[in-house]
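model-v3.cif (mmCIF, C-alpha atoms (C1' of nucleotides))
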```cif
data_work
#
loop_
_atom_site.group_PDB
_atom_site.id
_atom_site.type_symbol
_atom_site.label_atom_id
_atom_site.label_comp_id
_atom_site.auth_asym_id
_atom_site.auth_seq_id
_atom_site.Cartn_x
_atom_site.Cartn_y
_atom_site.Cartn_z
ATOM 1 C CA MET A 16 53.222 -39.141 17.582
ATOM 2 C CA ALA A 17 51.297 -39.826 14.388
ATOM 3 C CA MET A 18 49.972 -36.601 12.920
ATOM 4 C CA LYS A 19 48.285 -35.300 9.803
ATOM 5 C CA LEU A 20 49.257 -31.722 8.974
ATOM 6 C CA ALA A 21 48.256 -29.377 6.188
ATOM 7 C CA THR A 22 48.789 -25.888 4.851
ATOM 8 C CA TRP A 23 46.249 -23.795 2.937
ATOM 9 C CA ASN A 24 46.237 -20.222 1.698
ATOM 10 C CA VAL A 25 42.519 -19.462 2.051
ATOM 11 C CA ASN A 26 42.467 -15.975 0.465
ATOM 12 C CA SER A 27 40.238 -14.452 3.171
ATOM 13 C CA LEU A 28 39.110 -16.621 6.071
ATOM 14 C CA ASN A 29 35.975 -14.507 6.310
ATOM 15 C CA VAL A 30 34.892 -15.784 2.902
ATOM 16 C CA ARG A 31 36.399 -19.258 3.177
ATOM 17 C CA LEU A 32 35.408 -20.274 6.719
ATOM 18 C CA PRO A 33 32.672 -22.667 5.495
ATOM 19 C CA HIS A 34 35.189 -24.414 3.229
ATOM 20 C CA VAL A 35 37.695 -24.638 6.064
ATOM 21 C CA LEU A 36 35.157 -26.102 8.490
ATOM 22 C CA ASP A 37 34.012 -28.650 5.905
ATOM 23 C CA TRP A 38 37.590 -29.583 5.118
ATOM 24 C CA LEU A 39 38.448 -30.034 8.795
ATOM 25 C CA SER A 40 35.388 -32.203 9.264
ATOM 26 C CA ASP A 41 36.127 -34.345 6.209
ATOM 27 C CA ASN A 42 39.867 -34.727 6.770
ATOM 28 C CA GLN A 43 40.324 -34.482 10.541
ATOM 29 C CA PRO A 44 43.882 -33.128 10.387
ATOM 30 C CA ASP A 45 45.798 -32.650 13.622
ATOM 31 C CA VAL A 46 47.202 -29.341 12.425
ATOM 32 C CA LEU A 47 46.116 -26.894 9.721
ATOM 33 C CA CYS A 48 48.190 -23.826 8.888
ATOM 34 C CA LEU A 49 46.338 -20.984 7.175
ATOM 35 C CA GLN A 50 47.643 -18.002 5.224
ATOM 36 C CA GLU A 51 45.910 -14.839 4.043
ATOM 37 C CA THR A 52 43.245 -14.770 6.724
ATOM 38 C CA LYS A 53 42.910 -11.064 5.858
ATOM 39 C CA GLN A 54 41.314 -10.159 9.167
ATOM 40 C CA GLU A 55 42.233 -8.574 12.458
ATOM 41 C CA ASP A 56 42.517 -10.922 15.395
ATOM 42 C CA SER A 57 39.287 -9.552 16.903
ATOM 43 C CA LYS A 58 37.399 -11.046 13.920
ATOM 44 C CA PHE A 59 39.129 -14.429 14.008
ATOM 45 C CA PRO A 60 36.584 -17.252 14.551
ATOM 46 C CA TYR A 61 38.167 -18.805 17.656
ATOM 47 C CA ALA A 62 34.821 -19.975 19.084
ATOM 48 C CA VAL A 63 33.588 -21.677 15.909
ATOM 49 C CA LEU A 64 36.903 -23.468 15.486
ATOM 50 C CA LYS A 65 36.847 -24.518 19.131
ATOM 51 C CA GLU A 66 33.425 -26.084 18.563
ATOM 52 C CA ALA A 67 34.939 -27.962 15.641
ATOM 53 C CA GLY A 68 37.636 -29.280 17.968
ATOM 54 C CA TYR A 69 40.498 -26.915 17.145
ATOM 55 C CA GLU A 70 42.558 -24.560 19.245
ATOM 56 C CA ALA A 71 44.027 -21.713 17.253
ATOM 57 C CA ALA A 72 46.805 -19.170 17.259
ATOM 58 C CA HIS A 73 46.435 -16.257 14.864
ATOM 59 C CA ILE A 74 48.081 -13.009 13.939
ATOM 60 C CA GLY A 75 46.380 -10.872 11.359
ATOM 61 C CA GLN A 76 45.612 -7.472 9.972
ATOM 62 C CA LYS A 77 42.914 -5.851 7.921
ATOM 63 C CA THR A 78 42.800 -6.535 4.144
ATOM 64 C CA TYR A 79 46.156 -8.278 3.705
ATOM 65 C CA ASN A 80 48.238 -11.178 5.038
ATOM 66 C CA GLY A 81 47.396 -12.911 8.317
ATOM 67 C CA VAL A 82 48.462 -16.426 9.404
ATOM 68 C CA ALA A 83 47.008 -18.995 11.776
ATOM 69 C CA ILE A 84 47.773 -22.430 13.218
ATOM 70 C CA LEU A 85 44.779 -24.648 14.020
ATOM 71 C CA SER A 86 45.454 -27.695 16.189
ATOM 72 C CA ARG A 87 43.571 -30.499 17.899
ATOM 73 C CA HIS A 88 46.434 -30.683 20.419
ATOM 74 C CA PRO A 89 47.684 -27.984 22.792
ATOM 75 C CA LEU A 90 49.833 -25.201 21.344
ATOM 76 C CA SER A 91 52.757 -23.847 23.338
ATOM 77 C CA GLY A 92 55.544 -21.348 22.765
ATOM 78 C CA ILE A 93 53.444 -19.267 20.394
ATOM 79 C CA GLN A 94 55.503 -16.697 18.527
ATOM 80 C CA HIS A 95 54.337 -13.909 16.243
ATOM 81 C CA ASN A 96 56.662 -12.803 13.440
ATOM 82 C CA MET A 97 60.379 -13.397 13.057
ATOM 83 C CA PRO A 98 62.392 -11.959 15.955
ATOM 84 C CA ASN A 99 65.162 -10.759 13.623
ATOM 85 C CA PHE A 100 62.977 -8.905 11.109
ATOM 86 C CA ILE A 101 60.846 -5.862 11.832
ATOM 87 C CA ASP A 102 57.767 -6.216 9.669
ATOM 88 C CA ASP A 103 54.446 -4.402 9.616
ATOM 89 C CA GLN A 104 53.021 -7.295 7.595
ATOM 90 C CA GLN A 105 51.709 -10.251 9.586
ATOM 91 C CA ARG A 106 53.249 -13.255 7.860
ATOM 92 C CA VAL A 107 54.651 -15.650 10.461
ATOM 93 C CA ILE A 108 53.268 -17.554 13.419
ATOM 94 C CA ALA A 109 54.955 -20.441 15.210
ATOM 95 C CA ALA A 110 54.005 -22.870 17.960
ATOM 96 C CA THR A 111 55.135 -26.171 19.434
ATOM 97 C CA ILE A 112 52.648 -29.032 19.026
ATOM 98 C CA ALA A 113 53.339 -32.560 20.309
ATOM 99 C CA GLY A 114 57.032 -31.737 20.519
ATOM 100 C CA VAL A 115 57.274 -30.468 16.943
ATOM 101 C CA ARG A 116 58.041 -26.826 16.185
ATOM 102 C CA ILE A 117 55.415 -25.746 13.646
ATOM 103 C CA ILE A 118 56.163 -22.583 11.664
ATOM 104 C CA CYS A 119 53.409 -21.189 9.463
ATOM 105 C CA ALA A 120 54.651 -18.662 6.908
ATOM 106 C CA TYR A 121 53.198 -16.511 4.169
ATOM 107 C CA ILE A 122 56.259 -15.578 2.151
ATOM 108 C CA PRO A 123 55.861 -12.340 0.165
ATOM 109 C CA ASN A 124 54.705 -12.570 -3.434
ATOM 110 C CA GLY A 125 57.188 -10.083 -4.870
ATOM 111 C CA GLN A 126 54.901 -8.796 -7.653
ATOM 112 C CA ALA A 127 57.632 -8.443 -10.308
ATOM 113 C CA LEU A 128 61.400 -8.828 -10.491
ATOM 114 C CA ASP A 129 61.963 -5.072 -10.821
ATOM 115 C CA SER A 130 59.623 -4.216 -7.962
ATOM 116 C CA ASP A 131 60.456 -2.972 -4.464
ATOM 117 C CA LYS A 132 58.188 -5.778 -3.315
ATOM 118 C CA TYR A 133 60.607 -8.237 -4.860
ATOM 119 C CA LYS A 134 63.471 -6.685 -2.883
ATOM 120 C CA TYR A 135 61.327 -7.042 0.226
ATOM 121 C CA LYS A 136 60.681 -10.690 -0.659
ATOM 122 C CA MET A 137 64.390 -11.424 -0.935
ATOM 123 C CA ARG A 138 65.232 -9.613 2.332
ATOM 124 C CA TRP A 139 62.388 -11.506 3.963
ATOM 125 C CA LEU A 140 63.710 -14.863 2.732
ATOM 126 C CA SER A 141 67.174 -14.000 3.965
ATOM 127 C CA ALA A 142 65.815 -13.207 7.434
ATOM 128 C CA LEU A 143 63.781 -16.426 7.414
ATOM 129 C CA ASN A 144 66.885 -18.432 6.628
ATOM 130 C CA ALA A 145 68.879 -16.801 9.436
ATOM 131 C CA TRP A 146 66.080 -17.293 11.942
ATOM 132 C CA LEU A 147 65.533 -20.951 10.986
ATOM 133 C CA LYS A 148 69.203 -21.642 11.559
ATOM 134 C CA THR A 149 68.747 -20.816 15.240
ATOM 135 C CA GLU A 150 65.285 -22.379 15.479
ATOM 136 C CA LEU A 151 66.642 -25.698 14.198
ATOM 137 C CA ILE A 152 69.212 -25.754 16.990
ATOM 138 C CA LEU A 153 66.482 -25.135 19.568
ATOM 139 C CA HIS A 154 63.961 -27.446 17.877
ATOM 140 C CA PRO A 155 65.494 -30.277 15.835
ATOM 141 C CA GLN A 156 61.968 -31.491 15.089
ATOM 142 C CA LEU A 157 60.710 -28.624 12.948
ATOM 143 C CA MET A 158 58.336 -28.089 10.040
ATOM 144 C CA LEU A 159 57.909 -25.007 7.882
ATOM 145 C CA LEU A 160 54.455 -24.978 6.309
ATOM 146 C CA GLY A 161 53.030 -22.280 4.133
ATOM 147 C CA ASP A 162 52.676 -20.330 0.938
ATOM 148 C CA TYR A 163 56.268 -19.859 -0.232
ATOM 149 C CA ASN A 164 55.426 -18.056 -3.457
ATOM 150 C CA ILE A 165 58.243 -20.067 -5.044
ATOM 151 C CA ALA A 166 57.938 -22.908 -7.547
ATOM 152 C CA PRO A 167 61.187 -24.755 -6.732
ATOM 153 C CA GLU A 168 61.708 -26.477 -10.087
ATOM 154 C CA ASP A 169 60.467 -26.251 -13.675
ATOM 155 C CA ARG A 170 58.228 -29.275 -13.083
ATOM 156 C CA ASP A 171 56.384 -27.176 -10.478
ATOM 157 C CA CYS A 172 55.237 -24.757 -13.192
ATOM 158 C CA HIS A 173 52.656 -25.519 -15.889
ATOM 159 C CA ASP A 174 54.619 -23.689 -18.587
ATOM 160 C CA PRO A 175 58.231 -22.932 -17.612
ATOM 161 C CA ALA A 176 59.051 -21.250 -20.920
ATOM 162 C CA ALA A 177 56.178 -18.794 -20.545
ATOM 163 C CA TRP A 178 57.252 -17.931 -16.997
ATOM 164 C CA VAL A 179 60.912 -17.124 -17.687
ATOM 165 C CA GLY A 180 61.697 -13.716 -16.217
ATOM 166 C CA GLN A 181 58.721 -13.720 -13.887
ATOM 167 C CA ILE A 182 58.344 -14.025 -10.149
ATOM 168 C CA LEU A 183 57.860 -17.398 -8.402
ATOM 169 C CA VAL A 184 60.376 -19.080 -10.711
ATOM 170 C CA SER A 185 63.379 -16.723 -10.867
ATOM 171 C CA PRO A 186 66.847 -18.201 -10.241
ATOM 172 C CA ALA A 187 67.315 -16.003 -7.148
ATOM 173 C CA GLU A 188 64.055 -17.182 -5.586
ATOM 174 C CA ARG A 189 64.924 -20.790 -6.328
ATOM 175 C CA LEU A 190 68.348 -20.306 -4.784
ATOM 176 C CA ALA A 191 66.661 -18.934 -1.658
ATOM 177 C CA PHE A 192 64.453 -22.026 -1.552
ATOM 178 C CA GLN A 193 67.513 -24.247 -1.980
ATOM 179 C CA ALA A 194 69.205 -22.347 0.857
ATOM 180 C CA LEU A 195 66.340 -23.430 3.115
ATOM 181 C CA LEU A 196 66.910 -27.050 2.073
ATOM 182 C CA ASP A 197 70.607 -26.561 2.776
ATOM 183 C CA LEU A 198 69.741 -25.878 6.423
ATOM 184 C CA GLY A 199 68.698 -29.525 6.665
ATOM 185 C CA LEU A 200 65.102 -29.268 5.492
ATOM 186 C CA HIS A 201 63.315 -31.499 2.983
ATOM 187 C CA ASP A 202 60.452 -30.866 0.578
ATOM 188 C CA SER A 203 58.080 -33.514 1.959
ATOM 189 C CA PHE A 204 56.003 -33.619 -1.237
ATOM 190 C CA ARG A 205 59.017 -34.849 -3.201
ATOM 191 C CA LEU A 206 59.820 -37.640 -0.748
ATOM 192 C CA PHE A 207 57.073 -39.598 -2.517
ATOM 193 C CA ASP A 208 56.051 -40.418 -6.073
ATOM 194 C CA GLN A 209 53.692 -37.767 -7.403
ATOM 195 C CA ALA A 210 51.655 -37.267 -10.526
ATOM 196 C CA GLU A 211 53.191 -35.004 -13.152
ATOM 197 C CA LYS A 212 51.850 -31.467 -13.198
ATOM 198 C CA SER A 213 50.915 -31.441 -9.519
ATOM 199 C CA PHE A 214 50.105 -27.890 -8.470
ATOM 200 C CA SER A 215 48.770 -26.105 -5.383
ATOM 201 C CA TRP A 216 47.665 -22.799 -6.940
ATOM 202 C CA TRP A 217 45.788 -21.905 -10.128
ATOM 203 C CA ASP A 218 44.992 -18.415 -11.385
ATOM 204 C CA TYR A 219 41.343 -17.462 -11.106
ATOM 205 C CA ARG A 220 41.526 -16.064 -14.624
ATOM 206 C CA MET A 221 41.525 -17.837 -17.982
ATOM 207 C CA MET A 222 39.999 -21.001 -16.495
ATOM 208 C CA GLY A 223 43.358 -21.750 -14.941
ATOM 209 C CA PHE A 224 42.130 -24.620 -12.807
ATOM 210 C CA ARG A 225 40.138 -26.350 -15.522
ATOM 211 C CA ARG A 226 43.161 -26.230 -17.820
ATOM 212 C CA ASN A 227 45.563 -27.110 -14.976
ATOM 213 C CA PHE A 228 47.563 -23.939 -15.593
ATOM 214 C CA GLY A 229 49.001 -23.957 -12.093
ATOM 215 C CA MET A 230 52.081 -23.743 -9.915
ATOM 216 C CA ARG A 231 53.299 -25.689 -6.888
ATOM 217 C CA ILE A 232 54.122 -22.866 -4.497
ATOM 218 C CA ASP A 233 52.700 -24.165 -1.195
ATOM 219 C CA HIS A 234 55.090 -26.453 0.635
ATOM 220 C CA ILE A 235 55.737 -28.412 3.804
ATOM 221 C CA LEU A 236 59.441 -28.610 4.600
ATOM 222 C CA VAL A 237 60.522 -30.998 7.355
ATOM 223 C CA SER A 238 63.767 -31.126 9.297
ATOM 224 C CA ASP A 239 66.277 -33.996 9.082
ATOM 225 C CA ALA A 240 64.943 -35.403 12.343
ATOM 226 C CA LEU A 241 61.440 -35.726 10.876
ATOM 227 C CA LYS A 242 62.297 -36.903 7.382
ATOM 228 C CA SER A 243 62.129 -40.619 8.128
ATOM 229 C CA THR A 244 58.757 -40.234 9.894
ATOM 230 C CA CYS A 245 56.968 -38.973 6.763
ATOM 231 C CA ILE A 246 54.375 -41.469 5.499
ATOM 232 C CA THR A 247 52.421 -39.691 2.766
ATOM 233 C CA ALA A 248 52.362 -36.267 1.126
ATOM 234 C CA ARG A 249 49.718 -35.055 -1.281
ATOM 235 C CA ILE A 250 47.815 -32.115 -2.665
ATOM 236 C CA ASP A 251 44.052 -32.164 -2.102
ATOM 237 C CA LYS A 252 42.384 -30.501 -5.074
ATOM 238 C CA THR A 253 38.878 -31.087 -3.725
ATOM 239 C CA PRO A 254 38.332 -27.609 -2.196
ATOM 240 C CA ARG A 255 39.512 -25.916 -5.403
ATOM 241 C CA LYS A 256 36.490 -27.455 -7.190
ATOM 242 C CA LEU A 257 33.955 -25.845 -4.862
ATOM 243 C CA GLU A 258 32.028 -22.693 -5.627
ATOM 244 C CA ARG A 259 33.897 -19.532 -4.679
ATOM 245 C CA PRO A 260 37.141 -21.382 -3.919
ATOM 246 C CA SER A 261 40.438 -20.016 -2.734
ATOM 247 C CA ASP A 262 42.924 -19.929 -5.601
ATOM 248 C CA HIS A 263 45.133 -22.254 -3.491
ATOM 249 C CA THR A 264 44.295 -25.758 -2.313
ATOM 250 C CA PRO A 265 45.521 -27.707 0.749
ATOM 251 C CA VAL A 266 48.852 -29.538 0.823
ATOM 252 C CA VAL A 267 48.847 -32.451 3.270
ATOM 253 C CA LEU A 268 51.535 -34.457 5.087
ATOM 254 C CA GLU A 269 51.197 -37.449 7.372
ATOM 255 C CA VAL A 270 53.945 -38.429 9.794
ATOM 256 C CA ALA A 271 54.328 -41.509 11.981
ATOM 257 C "C1'" DA B 5 46.867 -9.673 -25.466
ATOM 258 C "C1'" DT B 6 50.195 -6.572 -19.550
ATOM 259 C "C1'" DG B 7 44.256 -8.427 -19.604
ATOM 260 C "C1'" DG B 8 41.829 -12.202 -18.098
ATOM 261 C "C1'" DC B 9 39.292 -13.097 -11.614
ATOM 262 C "C1'" DT B 10 38.737 -12.413 -6.650
ATOM 263 C "C1'" DT B 11 38.982 -9.914 -2.343
ATOM 264 C "C1'" DA B 12 38.768 -5.794 0.602
ATOM 265 C "C1'" DT B 13 38.087 -0.965 1.232
ATOM 266 C "C1'" DT B 14 34.494 4.255 5.076
ATOM 267 C "C1'" DG B 15 34.543 1.840 -2.188
ATOM 268 C "C1'" DT B 16 31.193 3.084 -6.526
ATOM 269 C "C1'" DA B 17 37.574 2.944 -8.542
ATOM 270 C "C1'" DT B 18 41.820 1.161 -6.736
ATOM 271 C "C1'" DA B 19 45.373 -2.084 -4.947
ATOM 272 C "C1'" DA B 20 47.089 -6.584 -4.553
ATOM 273 C "C1'" DG B 21 47.532 -11.212 -5.403
ATOM 274 C "C1'" DA B 22 50.561 -14.888 -8.340
#
```
Could you take the file, read its structure, and then write that structure out as structure tokens?
Amino acid sequence: MAMKLATWNVNSLNVRLPHVLDWLSDNQPDVLCLQETKQEDSKFPYAVLKEAGYEAAHIGQKTYNGVAILSRHPLSGIQHNMPNFIDDQQRVIAATIAGVRIICAYIPNGQALDSDKYKYKMRWLSALNAWLKTELILHPQLMLLGDYNIAPEDRDCHDPAAWVGQILVSPAERLAFQALLDLGLHDSFRLFDQAEKSFSWWDYRMMGFRRNFGMRIDHILVSDALKSTCITARIDKTPRKLERPSDHTPVVLEVA
DNA sequence: ATGGCTTATTGTATAAGA
């Protein structure tokens, strides 16, 4: 079934709901995965999204994290969090839509290479890899959409030399990303020709967006079974130009 | 140059993001 899917870290759905509604209206995606909703489920705007034509599954918490899947088609088999990883941070939600297993993930940032948060990030990635191995057996048609907090290659970073030794680009993080690909997943963005210096996140500070000082850290990975169905993949910078934008912008994939 | 913005919090400074 032909579908348009997207992922977007909104940095507070409470603040960004108008942007999300406008983007849904303008782009009419079948599925939109959100990260950093930063709200408890009781505050999640199910009714407003329903009016816009979208069912939703959400798991959130106050202040931090929170993930959601919005869909114009029915969601089934909704799962909160990874079954093999006890986590008090709400970072994973999964559902089956039109026969495709959709996993929406907000991978930890890691803060700094010598931080406990970095250790948590690496444990988290290891658990994700183990879980996906079993999910791919159950669901050969699978997509992993989200904020990975990893720039897979130097070309995904505006200034690789300046970022040496920092998070998002470290060899260990990139190996963990490669280990996901080794499961039989593909970076859908790179299946197509793309402009140089294509990024999905820009720092709010130092006029990062205007100077295109960004990183490509939001990704849509697709399983082997879906690879040949991919038609287009792109980054939509339009919402990043709005007033009071999220620091991330949507990444979009269309499949046949 | 270890900051620069932005968000949320029983806030008026702090933590976290990336």
Test item: residues at most 8 Å from A:Leu128, all atoms listed in the file, excluding those fewer than 3 positions along its chain, as a PDB file with C-alpha atoms, in the coordinates of the input:
```pdb
ATOM      1  CA  GLY A 125      57.188 -10.083  -4.870  1.00  0.00           C
ATOM      2  CA  TYR A 133      60.607  -8.237  -4.860  1.00  0.00           C
ATOM      3  CA  GLY A 180      61.697 -13.716 -16.217  1.00  0.00           C
ATOM      4  CA  GLN A 181      58.721 -13.720 -13.887  1.00  0.00           C
ATOM      5  CA  ILE A 182      58.344 -14.025 -10.149  1.00  0.00           C
TER       6      ILE A 182
END
```
Exercise. Using all atoms listed in the file, which residues sit within 12 Å of A:Arg231 once same-chain residues fewer than 5 positions away are excluded, as a PyMOL selection string?
Worked result: (chain A and resi 161-174+183-184+202+204-205+211-218+249-250+262-266) or (chain B and resi 22)
For this session: State, in Å with one decimal place, the distance from atom CA of A:Arg259 to atom CA of A:Gln76.
Result: 22.3 Å
For this session: Please identify all polymer residues within 8 Å of stretch 9-13 of chain B, counting all atoms listed in the file, omitting same-chain residues fewer than 6 positions from it, and present them as a PyMOL selection string.
Result: chain A and resi 26-27+78+218-220
For this session: Taking the file above as input, evaluate the PyMOL selection byres ((chain B and resi 20) around 9) and report the hits as a count of residues only.
Result: 4
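Going from atom CA of A:Ile118 to atom CA of A:Phe224 covers 28.3 Å.
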For this session: Can you pull out every residue within 8 Å of A:Tyr61, counting all atoms listed in the file, but drop anything in the same chain fewer than 3 positions away, and send it as number ranges by chain?
Result: A: 64-65, 70-71
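Going from atom CA of A:Glu51 to atom CA of A:Val25 covers 6.1 Å.
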Exercise. A:Pro60, A:Pro123, A:Pro175, A:Pro186: which is nearest chain B, counting all atoms listed in the file?
Worked result: A:Pro123
Box along x, y and z, 6 Å on every side, all listed atoms of stretch 7-22 of chain B inside: centre and edge lengths in Å to one decimal, as JSON.
```
{"center_x": 40.9, "center_y": -5.3, "center_z": -7.3, "size_x": 31.4, "size_y": 31.1, "size_z": 36.7}
```
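Nearest to chain B of all the residues A:Ala21, A:Ala72, A:Met222, A:Val115 is A:Met222, counting all atoms listed in the file.
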For this session: Given the file shown, enumerate the residues that the PyMOL selection byres ((chain A and resi 50) around 8) captures and present them as a ChimeraX atom specification.
Result: /A:22-26,48-49,51-52,80-83,106,119-121,161-162
Can you translate the PyMOL selection byres ((chain A and resi 33) around 12) into the concrete residues it hits in this file, as a short mmCIF file (atom, residue, chain, number, x, y, z; two decimals) with C-alpha atoms, keeping the file's coordinate frame?
```
data_model
loop_
_atom_site.label_atom_id
_atom_site.label_comp_id
_atom_site.auth_asym_id
_atom_site.auth_seq_id
_atom_site.Cartn_x
_atom_site.Cartn_y
_atom_site.Cartn_z
CA VAL A 25 42.52 -19.46 2.05
CA SER A 27 40.24 -14.45 3.17
CA LEU A 28 39.11 -16.62 6.07
CA ASN A 29 35.98 -14.51 6.31
CA VAL A 30 34.89 -15.78 2.90
CA ARG A 31 36.40 -19.26 3.18
CA LEU A 32 35.41 -20.27 6.72
CA HIS A 34 35.19 -24.41 3.23
CA VAL A 35 37.70 -24.64 6.06
CA LEU A 36 35.16 -26.10 8.49
CA ASP A 37 34.01 -28.65 5.90
CA TRP A 38 37.59 -29.58 5.12
CA LEU A 39 38.45 -30.03 8.80
CA SER A 40 35.39 -32.20 9.26
CA PRO A 60 36.58 -17.25 14.55
CA VAL A 63 33.59 -21.68 15.91
CA LEU A 64 36.90 -23.47 15.49
CA ALA A 67 34.94 -27.96 15.64
CA PRO A 254 38.33 -27.61 -2.20
CA LEU A 257 33.96 -25.84 -4.86
CA GLU A 258 32.03 -22.69 -5.63
CA ARG A 259 33.90 -19.53 -4.68
CA PRO A 260 37.14 -21.38 -3.92
CA SER A 261 40.44 -20.02 -2.73
#
```
